[in-house]
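Participant: Take this structure, written in structure tokens, and hold onto it; I'll ask about it next.
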Amino acid sequence: MAVKSPSVAVITGNNAAAEAARLARVDVIAAYPITPQSGVVEALAAYVESGKLSAEFVNVESEHSAMGVCIGAAVAGSRVFTASSANGLAYMSEQLSWVAGSRLPIVMGCANRAMSAPWNVLNDQQDAMSQRDHGWIQLYCRDNQEIFDTFLQAFRIAELLSLPVMVCYDGFILSHTVMPVEIPDQAAVDAFLPALTPQIIVDNSDPRNINPVTLANPRENGSGTLCHGYMEFRYLMQEAHQEALNTIESVDAEYASAFGRSSGGLCWTYGPEDAEVIMVAAGSLANEATVAADLLEETGLRAGVLGIRSYRPFPDAAVARALKKARRVIVFDKSLTYGYGGPIFIDVQAALFRHQVTPEVHGYIAGLGGRDINARQLAEAVTESMGWDRAQQGPKPTSWLNLQL
């Protein structure tokens with residue numbers, strides 16, 4: 001039975017993230033401020049200072065140190081939160097592999113921002129996409145309500161799977177924009193997210209048991225679990241990510257039952273079931289695409305949207321099911337894999353090929369470094385794409401929207 005939220009706050013995406021972390025009763029927060037993420041940790045610091053949140057807030061000198069503190073706290077059995085953006089996330093990169101390989105359920109917010117150089121503090125998704133292969137789950141949010149809801153779900157997912165989760169939301173577009181957000185009371189959150197039962201703890205008699213990937217022989221960790229070598233660790237992490245495809249769906253369903261809101265599980269759809277063209281994107285850009293779909297409907301083109309919520313693990317089967325009836329698929333990426341194209345474009349193509357679904361897929365790069373992109377431009381790109389004749393013109397190269405050369 002759905003529980004009606006008792007209050008609605010008009011807050012930024014950063015404040016929505018902080019409020020979710022507070023209601024999750026995090027034990028330890030360690031983060032280094034960086035635009036546009038700073039508002040999250042500023043709000044949490046105020047909560048701790050005022051006594052509104054009983055937690056340790058650890059000031060550090062860098063993002064690398066922040067994740068080091070988070071690792072230590074998580075190993076000791078604490079519920080841990082941090083946040084970062086862009087070059088700060090890149091500075092943290094070496095530690096991200098340690099977190100995932102140690103199977104620590106740390107939750108991190110990433111207010112997506114362009115990577116320098118050239119210097120740019122505005123939004124795209126290059127920062128998080130560049131960290132996709134460390135073994136973190138990556139969930140993308142379309143609005144501030146989804147930021148709040150996804151953080152609470154992220155703690156459940158992370159602790160069920162012993163995997164870290166990165167919750168991504170577009171810098172400034174969401175991090176600094178106020179929207180109404182339904183905030184449940186503490187009792188409702190406690191019922192959905194019980195206290196953490198630590199799975200990895202320090203064994204004082206043998207602290208070397210933490211992540212024994214450099215040991216020659218398998219041995220037990222502090223909780224008596226037999227730990228394997230490097231390759232076996234990687235296999236088990238991959239298995240956990242495959243299981244995450246089910247866990248993300250089930251946790252979202254539980255959340256919907258508890259609070260009356262679903263974020264779509266692995267991905268969400270918009271528009272008619274028989275859409276002949278479907279736009280694919282992640283984050284706020286996917287939300288903008290829903291407006292473009294409505295504009296296209298007015299011209300007589302049946303258009304829909306597939307919003308990618310879980311980028312890692314990538315839900316290839318769900319994507320193939322959602323796109324199997326479309327005549328054409330248009331993927332809009334806010335990041336780039338240099339030398340090929342947009343990362344979501346590449347993954348969508350692979351998913352369709354694997355599941356023998358055959359709509360033609362066109363890729364577009366949009367909104368890098370905060371370059372403005374609106375629904376009308378997305379709709380115009382779809383119209384251009386629909387006019388492409390593969391038989392006459394060959395495969396369509398990846399296009400860049402609103403490029404000013």
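Numbering starts fresh at 1 for the residues of each chain in the structure tokens, the chains themselves are lettered A, B, ... in the order given, and ligands are numbered from 1 as they appear.
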Could you pull out the residues in region 139-282 of chain A that DSSP calls helix (DSSP H, G or I) from the backbone, as an MDAnalysis selection string?

Facilitator: chainID A and resid 144:161 186:192 207:209 230:259

Participant: Could you give me, as a PyMOL selection string, the residues within 9 Å of Glu288 (chain A), counting only C-alpha atoms and dropping anything in the same chain fewer than 6 positions from it?

Facilitator: chain A and resi 373-375+378

Participant: Deliver the residues from the most recent selection as a file, using C-alpha atoms, as a PDB file, in the first residue's frame.

Facilitator:
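To be explicit, this is the file written out as part_33.pdb:
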ATOM      1  CA  ILE A 373      20.213  22.028 -25.746  1.00  0.00           C
ATOM      2  CA  ASN A 374      16.437  22.292 -25.871  1.00  0.00           C
ATOM      3  CA  ALA A 375      13.495  20.158 -26.896  1.00  0.00           C
ATOM      4  CA  LEU A 378      16.198  17.432 -30.153  1.00  0.00           C
TER       5      LEU A 378
END

Participant: If you count only C-alpha atoms, which residues fall within 8 Å of region 381-386 of chain A, apart from same-chain ones fewer than 2 positions away, as a PyMOL selection string?

Facilitator: chain A and resi 328+330+362+377-379+388+401

Participant: Give me a file of those residues, with all heavy atoms, as an mmCIF file, in the first residue's frame.

Facilitator:
data_model
loop_
_atom_site.group_PDB
_atom_site.id
_atom_site.type_symbol
_atom_site.label_atom_id
_atom_site.label_comp_id
_atom_site.auth_asym_id
_atom_site.auth_seq_id
_atom_site.Cartn_x
_atom_site.Cartn_y
_atom_site.Cartn_z
ATOM 1 N N ARG A 328 13.255 3.458 -35.882
ATOM 2 C CA ARG A 328 14.535 4.158 -35.770
ATOM 3 C C ARG A 328 14.754 4.563 -34.307
ATOM 4 O O ARG A 328 13.808 4.950 -33.615
ATOM 5 C CB ARG A 328 14.549 5.378 -36.678
ATOM 6 C CG ARG A 328 15.920 6.052 -36.794
ATOM 7 C CD ARG A 328 16.091 6.748 -38.130
ATOM 8 N NE ARG A 328 16.113 5.785 -39.233
ATOM 9 C CZ ARG A 328 16.305 6.117 -40.512
ATOM 10 N NH1 ARG A 328 16.488 7.375 -40.840
ATOM 11 N NH2 ARG A 328 16.316 5.197 -41.456
ATOM 12 N N ILE A 330 17.175 7.020 -31.822
ATOM 13 C CA ILE A 330 18.077 8.169 -31.820
ATOM 14 C C ILE A 330 18.660 8.305 -30.416
ATOM 15 O O ILE A 330 17.920 8.534 -29.454
ATOM 16 C CB ILE A 330 17.339 9.480 -32.179
ATOM 17 C CG1 ILE A 330 16.359 9.250 -33.345
ATOM 18 C CG2 ILE A 330 18.343 10.587 -32.474
ATOM 19 C CD1 ILE A 330 16.995 8.862 -34.641
ATOM 20 N N HIS A 362 20.920 5.867 -34.668
ATOM 21 C CA HIS A 362 21.729 7.046 -34.981
ATOM 22 C C HIS A 362 22.177 7.703 -33.679
ATOM 23 O O HIS A 362 21.407 7.773 -32.718
ATOM 24 C CB HIS A 362 20.937 8.048 -35.814
ATOM 25 C CG HIS A 362 20.604 7.544 -37.182
ATOM 26 N ND1 HIS A 362 19.763 8.221 -38.047
ATOM 27 C CD2 HIS A 362 21.012 6.425 -37.853
ATOM 28 C CE1 HIS A 362 19.660 7.547 -39.181
ATOM 29 N NE2 HIS A 362 20.396 6.451 -39.087
ATOM 30 N N GLN A 377 15.500 21.538 -30.491
ATOM 31 C CA GLN A 377 16.702 21.049 -31.184
ATOM 32 C C GLN A 377 16.735 19.521 -31.227
ATOM 33 O O GLN A 377 17.161 18.927 -32.221
ATOM 34 C CB GLN A 377 17.953 21.592 -30.479
ATOM 35 C CG GLN A 377 18.128 23.100 -30.648
ATOM 36 C CD GLN A 377 19.188 23.661 -29.714
ATOM 37 O OE1 GLN A 377 19.309 23.222 -28.577
ATOM 38 N NE2 GLN A 377 19.941 24.631 -30.192
ATOM 39 N N LEU A 378 16.278 18.893 -30.150
ATOM 40 C CA LEU A 378 16.198 17.432 -30.153
ATOM 41 C C LEU A 378 15.214 16.948 -31.209
ATOM 42 O O LEU A 378 15.475 15.986 -31.943
ATOM 43 C CB LEU A 378 15.784 16.919 -28.769
ATOM 44 C CG LEU A 378 16.752 17.182 -27.611
ATOM 45 C CD1 LEU A 378 16.150 16.703 -26.293
ATOM 46 C CD2 LEU A 378 18.092 16.503 -27.843
ATOM 47 N N ALA A 379 14.064 17.633 -31.294
ATOM 48 C CA ALA A 379 13.056 17.246 -32.286
ATOM 49 C C ALA A 379 13.583 17.436 -33.704
ATOM 50 O O ALA A 379 13.342 16.604 -34.594
ATOM 51 C CB ALA A 379 11.781 18.065 -32.062
ATOM 52 N N TRP A 388 17.355 10.277 -43.181
ATOM 53 C CA TRP A 388 18.598 9.631 -43.630
ATOM 54 C C TRP A 388 18.272 8.318 -44.351
ATOM 55 O O TRP A 388 17.540 7.480 -43.839
ATOM 56 C CB TRP A 388 19.507 9.339 -42.436
ATOM 57 C CG TRP A 388 20.867 8.842 -42.823
ATOM 58 C CD1 TRP A 388 21.251 7.533 -42.960
ATOM 59 C CD2 TRP A 388 22.001 9.625 -43.151
ATOM 60 N NE1 TRP A 388 22.559 7.455 -43.338
ATOM 61 C CE2 TRP A 388 23.061 8.737 -43.461
ATOM 62 C CE3 TRP A 388 22.250 10.993 -43.204
ATOM 63 C CZ2 TRP A 388 24.328 9.163 -43.824
ATOM 64 C CZ3 TRP A 388 23.518 11.429 -43.550
ATOM 65 C CH2 TRP A 388 24.539 10.525 -43.867
ATOM 66 N N LEU A 401 25.183 18.207 -31.987
ATOM 67 C CA LEU A 401 24.122 19.221 -31.983
ATOM 68 C C LEU A 401 24.649 20.566 -31.487
ATOM 69 O O LEU A 401 25.396 20.636 -30.515
ATOM 70 C CB LEU A 401 22.972 18.781 -31.075
ATOM 71 C CG LEU A 401 22.058 17.671 -31.608
ATOM 72 C CD1 LEU A 401 20.913 17.448 -30.633
ATOM 73 C CD2 LEU A 401 21.536 18.009 -32.994
#

Participant: Under the rule that only C-alpha atoms are counted, which of A:Leu44, A:Ile344, A:Leu336, A:Ala24 is the nearest residue to Trp400 (chain A)?

Facilitator: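 Among A:Leu44, A:Ile344, A:Leu336, A:Ala24, it is A:Leu336 that comes nearest to Trp400 (chain A).
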
Participant: Counting only C-alpha atoms, which residue out of A:His176, A:His228, A:Arg22, A:Arg142 sits closest to Gly264 (chain A)?

Facilitator: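 Of all the options, A:Arg142 lies closest to Gly264 (chain A).
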
Participant: Per residue of region 249-287 of chain A within 12 Å of region 109-115 of chain A, which atom pair is closest and at what distance in Å (one decimal), using only C-alpha atoms, listed by chain and increasing number, as a tab-separated table?

Facilitator:
residue	atom	partner	partner_atom	distance
A:Ala282	CA	A:Asn112	CA	11.5
A:Gly283	CA	A:Asn112	CA	9.7
A:Ser284	CA	A:Asn112	CA	10.8

Participant: Show which residues sit within 7 Å of region 65-77 of chain A, as a list in words. Count only C-alpha atoms, and ignore same-chain residues fewer than 2 positions away.

Facilitator: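 Close residues of region 65-77 of chain A: Val28, Ala30, Ala31, Tyr32, Val60, Glu61, Ser62, Glu63, Arg79, Val80, Met92, Gln95, Val99, Leu104, Ile106, Pro198, Ile200, Ile201 and Val202 of chain A.
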
Participant: Could you tell me which of A:Asn14, A:Ser84, A:Asn287, A:Ser78 comes closest to His64 (chain A) if we count only C-alpha atoms?

Facilitator: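 The closest residue to His64 (chain A) is A:Ser84.
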